[in-house]
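**Student:** Below you'll find the structure I mean.
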Amino acid sequence: MADVEAVIQLKNVTKTYHLGGETLNALDNVNLTIQPGDFVAITGPSGSGKSTLANIIGGLDKPTSGNVIVDGSDLAELHDAKLSAYRNKHIGFVFQSFNLQATNTALENVSLPLVFQRMGSKARKARGVEVLQAVGLGDRIKFKPTQLSGGQRQRVAIARALAIKPSIILADEPTGNLDSARGQEIIKLLHDLNKQGITLIIITHDLSIARQAGRIVEIRDGKLVERRA
Amino acid sequence: MKTIDYIRMAFRNIWRSKLRSALTIFAVVIGATSVTIMLTLVFSIKGFFTQQFEANGTLQQVAVSPQSGVSDYNSISNNGGGQGNCGAGTCTKLTDALVTKITALPHVVGVARATSSLPFAAIVFSGKPYTLQGVAAYDANGIITNNIVAGRDINATDQSGVVTVPSIYADKWGYKNNYKALVGQQIELETQGFYSGVGATIQKPNTSGPNNPPSPSNQQAPTYIKATVVGISSNGGGGGGGGQSNAVRVPLPWARLMEEQQMYQQTPGSQGGQNCGSRGQCQPAQPQFTLVVTNNLAQNGYDALTVKVDSATNANGVASSIRKLGVGAASAQSFIKSQLAIFNVIGLVLGGIGGIALAVAAVGVVNTMVMAILERTREIGVMRAVGAKRSTVSRLFTIEASVLGFLGGVIGLLIGYVLILIANPIINKQLKLNSIHTSNIINLPIWLILSVIGVTTLIGMLAGLYPARRAAKLDPVEALHYE
């Protein structure tokens with residue numbers, strides 16, 4: 001599925017926030033390598049820096065220092081247009097609160113990233129239907145998020161991530177708003193996508209989910225303190 | 001992102017917040033409608049005036065006045081020069097000799113001589129006198145036009161006994177809807193007391209006393225000069241250099257006779273001697289009087305001349321050449337230019353008022369877009385996460401604001417157009433009442449349509465720049481977590 005075999009390398013990545021007079025190191029000299037097709041769970045307590053790490057890998061944020069090498073390019077050096085293109089072509093984001101547009105149908109939500117790829121409307125529709133069918137929502141394409149259950153909404157969000165045929169899926173607490181049964185379904189769906197070759201990075205503080213990953217990376221106070229296979 | 005997708009997305013977002021968008025568009029509509037109506041009126045009236053001047057050949061005319069150096073068409077045209085209207089300035093009589101000189105100038109096609117100083121007090125119809133607004137005469141050579149609505153105009157073969165009357169009299173006389181019926185009817189022109197022209201009875205002075213005053217005097221009974229109505233002119237038509245737009249027109253040869261002044265003058269040497277009889281009785285000699293005829297037109301010249309030039313572009317040059325002959329002369333072009341300049345100023349003022357409305361609307365657009373960004377911060381975050389560039393977000397909001405302006409402009413134009421459709425029949429009716437044979441003078445020109453749409457779209461776009469910049473600068477991570 002992936003059109004790029006992405007190797008993600010974080011070298012001495014530090015992310016510093018200045019809050020009032022205080023300086024906070026969200027990430028402190030982090031080094032991490034993720035191989036193509038890996039299923040990595042990033043865990044840690046709230047405020048530990050795991051979301052910051054995911055945002056930096058996803059090109060939504062830039063490190064204060066250090067390098068983030070993806071497929072040979074240093075994301076820290078890329079300007080907005082190239083960083084946006086990187087997100088648009090390689091990264092599929094799945095958020096805890098789904099982040100779907102309430103006034104748009106499932107199909108329109110799924111097609112959104114394709115709009116930024118300048119894809120024609122017919123091709124967008126075809127691709128949108130295809131991915132919605134892939135996540136089991138082929139009969140809900142014209143439903144609006146408010147007409148769908150929590151689990152179905154997250155499936156739409158996953159379909160949106162899949163629409164661009166990403167090499168990496170970054171899921172930030174994807175089951176945080178779901179009951180355990182629906183949560184397991186979503187994790188299974190993501191796991192299945194990983195089996196198809198997509199690198200899967202899940203940010204979670206739920207150890208039962210983290211244990212299903214091939215690798216667990218734990219962050220505490222901005223430092224990578226533990227790695228387990 | 002494709003342009004069509006930007007536009008689709010903009011329309012969709014506007015549709016999402018219908019009420020707020022509608023209110024914002026409404027503000028633009030008010031501005032666009034006022035600009036449309038105001039500028040359409042100004043430019044249509046301006047066009048109508050120009051058209052009228054072109055249609056009656058005024059642009060090819062030069063008005064000539066006896067007042068030396070005068071170059072204001074309006075003052076010459078309205079005052080009609082006037083034989084005794086020189087004020088403090090110098091005057092040169094508008095004589096036939098001068099007319100010959102003017103006719104010989106390059107680009108001059110012809111000259112119409114005009115007089116409006118004819119000594120009449122009233123026009124009598126069916127035995128009832130009506131106040132005259134003037135009696136004018138000018139050459140029937142087609143240079144000065146008389147807009148005839150019934151019957152015919154005075155022509156070159158008419159010598160005397162015929163008149164055209166403005167419809168204002170016909171209306172008073174009960175011929176409002178049947179001007180044709182007035183043609184062929186008799187009227188009388190009641191002269192002023194001192195009249196001594198053609199038709200006047202001049203009393204020979206009593207020769208019994210030595211100090212009889214010569215006639216006529218102001219106490220003389222008026223003369224009634226009969227004439228047949230041959231045509232009805234529209235009000236405000238004709239006159240030209242004669243300076244009398246609502247004047248009764250008489251043939252110029254007849255006017256020349258009316259301008260004659262007849263008076264008895266004592267024959268020199270006929271008083272002071274004695275007539276002595278055969279018986280040596282002498283009596284004082286009786287004074288002898290001779291009827292002397294002078295002509296005011298020949299003595300004082302014409303009131304005004306209207307010179308026809310071969311082309312409108314030569315009118316100013318000819319006016320300048322005529323002024324060198326010691327008289328006042330002005331082309332209608334300079335007058336029209338000043339008139340049109342007034343319209344330009346009115347257009348600017350009215351356009352400015354509409355502009356203020358549009359500026360207020362622009363503030364509304366800014367407010368709407370800032371609100372939209374606050375509401376859609378999370379959505380912007382998602383767009384950025386799935387690949388939208390800062391410039392894409394910025395363009396999206398700018399286009400959305402432009403669409404608000406565009407829709408306001410289009411709706412404003414439609415409302416303006418409907419108002420014009422309503423106004424034209426009302427104006428047509430008024431024009432018809434004034435015997436002006438033109439209709440639908442209020443037109444919405446294509447350039448104004450495009451300008452209004454362009455300007456409102458541009459205002460929307462400019463108003464959207466600041467909110468769009470704010471949207472583009474949003475940090476995607478913060479935007480995604482915005483509550």
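Labels for the structure tokens follow display order: chains A, B, ..., residues from 1 in each chain, ligands from 1.
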Within 8 Å of chain A, which residues of chain B are there when counting only C-alpha atoms? Please give them as a tab-separated table (two decimals) with C-alpha atoms, in the first residue's frame.

**Tutor:**
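Full text of iface.tsv as output:
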```tsv
chain	number	residue	atom	x	y	z
B	1	MET	CA	-5.96	22.28	-4.56
B	2	LYS	CA	-7.92	23.03	-7.73
B	5	ASP	CA	-12.48	23.00	-5.27
B	16	ARG	CA	-23.09	26.26	6.36
B	378	ARG	CA	-10.27	22.72	14.57
B	379	GLU	CA	-11.29	22.18	10.98
B	382	VAL	CA	-7.52	18.93	10.35
B	383	MET	CA	-6.96	20.47	6.92
B	384	ARG	CA	-3.38	21.24	7.84
B	385	ALA	CA	-2.91	17.71	9.24
B	386	VAL	CA	-4.13	16.08	6.05
B	387	GLY	CA	-1.90	18.21	3.83
B	388	ALA	CA	-3.24	21.73	3.36
B	389	LYS	CA	-0.45	24.28	3.05
B	390	ARG	CA	-0.62	27.62	4.85
B	476	PRO	CA	-1.89	23.03	13.39
B	477	VAL	CA	-1.19	21.27	16.70
B	480	LEU	CA	-6.40	20.44	16.45
```

**Student:** Residues of segment 36-159 of chain A in helix (DSSP H, G or I) according to DSSP, as number ranges by chain?

**Tutor:** A: 50-57, 75-77, 80-90, 106-115, 121-134, 145-147, 150-159

**Student:** What lies within 10 Å of Tyr130 of chain B using only C-alpha atoms, ignoring chain neighbours under 5 positions off, as a PyMOL selection string?

**Tutor:** chain B and resi 121-125+169+172-173+189-190

**Student:** Go ahead and save the picked residues with N, CA and C atoms, as a PDB file, in the first residue's frame.

**Tutor:**
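Done, and the output landed in part_33.pdb:
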```pdb
ATOM      1  N   ALA B 121     -46.625  92.075 -26.001  1.00  0.00           N
ATOM      2  CA  ALA B 121     -47.000  91.963 -24.593  1.00  0.00           C
ATOM      3  C   ALA B 121     -47.800  90.688 -24.311  1.00  0.00           C
ATOM      4  N   ALA B 122     -48.612  90.291 -25.293  1.00  0.00           N
ATOM      5  CA  ALA B 122     -49.486  89.133 -25.032  1.00  0.00           C
ATOM      6  C   ALA B 122     -49.830  88.437 -26.333  1.00  0.00           C
ATOM      7  N   ILE B 123     -50.298  87.222 -26.202  1.00  0.00           N
ATOM      8  CA  ILE B 123     -50.821  86.487 -27.348  1.00  0.00           C
ATOM      9  C   ILE B 123     -52.322  86.308 -27.082  1.00  0.00           C
ATOM     10  N   VAL B 124     -53.113  86.645 -28.065  1.00  0.00           N
ATOM     11  CA  VAL B 124     -54.565  86.624 -27.862  1.00  0.00           C
ATOM     12  C   VAL B 124     -55.140  85.447 -28.652  1.00  0.00           C
ATOM     13  N   PHE B 125     -55.869  84.605 -27.933  1.00  0.00           N
ATOM     14  CA  PHE B 125     -56.535  83.484 -28.599  1.00  0.00           C
ATOM     15  C   PHE B 125     -57.997  83.486 -28.144  1.00  0.00           C
ATOM     16  N   TYR B 169     -48.891  76.923 -24.791  1.00  0.00           N
ATOM     17  CA  TYR B 169     -50.087  77.726 -25.102  1.00  0.00           C
ATOM     18  C   TYR B 169     -51.228  76.808 -25.538  1.00  0.00           C
ATOM     19  N   LYS B 172     -52.896  75.440 -22.686  1.00  0.00           N
ATOM     20  CA  LYS B 172     -53.761  76.419 -22.004  1.00  0.00           C
ATOM     21  C   LYS B 172     -55.054  76.649 -22.780  1.00  0.00           C
ATOM     22  N   TRP B 173     -54.952  76.530 -24.089  1.00  0.00           N
ATOM     23  CA  TRP B 173     -56.108  76.829 -24.925  1.00  0.00           C
ATOM     24  C   TRP B 173     -57.034  75.623 -25.126  1.00  0.00           C
ATOM     25  N   LEU B 189     -51.140  88.889 -31.942  1.00  0.00           N
ATOM     26  CA  LEU B 189     -50.030  89.294 -31.086  1.00  0.00           C
ATOM     27  C   LEU B 189     -50.280  90.727 -30.648  1.00  0.00           C
ATOM     28  N   GLU B 190     -50.416  90.896 -29.351  1.00  0.00           N
ATOM     29  CA  GLU B 190     -50.717  92.235 -28.827  1.00  0.00           C
ATOM     30  C   GLU B 190     -49.393  92.956 -28.572  1.00  0.00           C
TER      31      GLU B 190
END
```

**Student:** Give me the residues within 9 Å of segment 427-435 of chain B as a list in words, counting only C-alpha atoms and dropping any in the same chain fewer than 2 places off.

**Tutor:** Asn147, Val149, Ser167, Ser233, Ser234, Asn235, Gly236, Ala423, Asn424, Pro425, His437, Thr438, Ser439, Asn440, Ile441 and Ile442 of chain B

**Student:** Using only C-alpha atoms, please write the residues we just selected to a file, as a PDB file, in the first residue's frame.

**Tutor:**
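Dumped to out_1.pdb:
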```
ATOM      1  CA  ASN B 147     -39.056  70.770 -32.374  1.00  0.00           C
ATOM      2  CA  VAL B 149     -45.018  68.264 -32.559  1.00  0.00           C
ATOM      3  CA  SER B 167     -47.340  73.517 -26.767  1.00  0.00           C
ATOM      4  CA  SER B 233     -43.462  73.267 -31.006  1.00  0.00           C
ATOM      5  CA  SER B 234     -42.515  71.296 -27.951  1.00  0.00           C
ATOM      6  CA  ASN B 235     -41.760  73.241 -24.802  1.00  0.00           C
ATOM      7  CA  GLY B 236     -38.130  74.030 -24.361  1.00  0.00           C
ATOM      8  CA  ALA B 423     -38.044  53.695 -12.977  1.00  0.00           C
ATOM      9  CA  ASN B 424     -37.828  53.735 -16.781  1.00  0.00           C
ATOM     10  CA  PRO B 425     -41.594  53.637 -17.524  1.00  0.00           C
ATOM     11  CA  HIS B 437     -39.150  61.561 -28.080  1.00  0.00           C
ATOM     12  CA  THR B 438     -36.815  59.203 -26.357  1.00  0.00           C
ATOM     13  CA  SER B 439     -37.370  56.390 -23.928  1.00  0.00           C
ATOM     14  CA  ASN B 440     -35.618  54.116 -21.440  1.00  0.00           C
ATOM     15  CA  ILE B 441     -32.884  56.640 -20.749  1.00  0.00           C
ATOM     16  CA  ILE B 442     -31.748  54.811 -17.613  1.00  0.00           C
TER      17      ILE B 442
END
```

**Student:** As an exercise, work out the distance from atom CA of Ala137 of chain B to atom CA of Ser196 of chain B in Å and give it to one decimal place.

**Tutor:**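 Separating atom CA of Ala137 of chain B from atom CA of Ser196 of chain B is a distance of 17.9 Å.
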
**Student:** Pick out the residues sitting within 9 Å of Ser311 of chain B, and hand them over as a list in words; count only C-alpha atoms, and ignore anything fewer than 3 positions along from it in its own chain.

**Tutor:**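 Residues near the query, excluding close chain neighbours: Leu59, Gln60, Gln61, His107, Lys308, Asn314 and Ala315 of chain B.
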
**Student:** Quick one: residues within 12 Å of Leu162 of chain A, only C-alpha atoms, excluding same-chain residues fewer than 3 positions away - as number ranges by chain?

**Tutor:** A: 1-2, 88-94, 109-114, 127-135, 155-159, 165-171, 189-190, 193-194, 196, 198-200; B: 386

**Student:** Which residue gives the smallest distance to Val370 of chain B among B:Ala200, B:Ala227, B:Ala463, B:Leu305, with only C-alpha atoms counted?

**Tutor:**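 When distances to Val370 of chain B are compared using only C-alpha atoms, the smallest one comes from B:Ala463.
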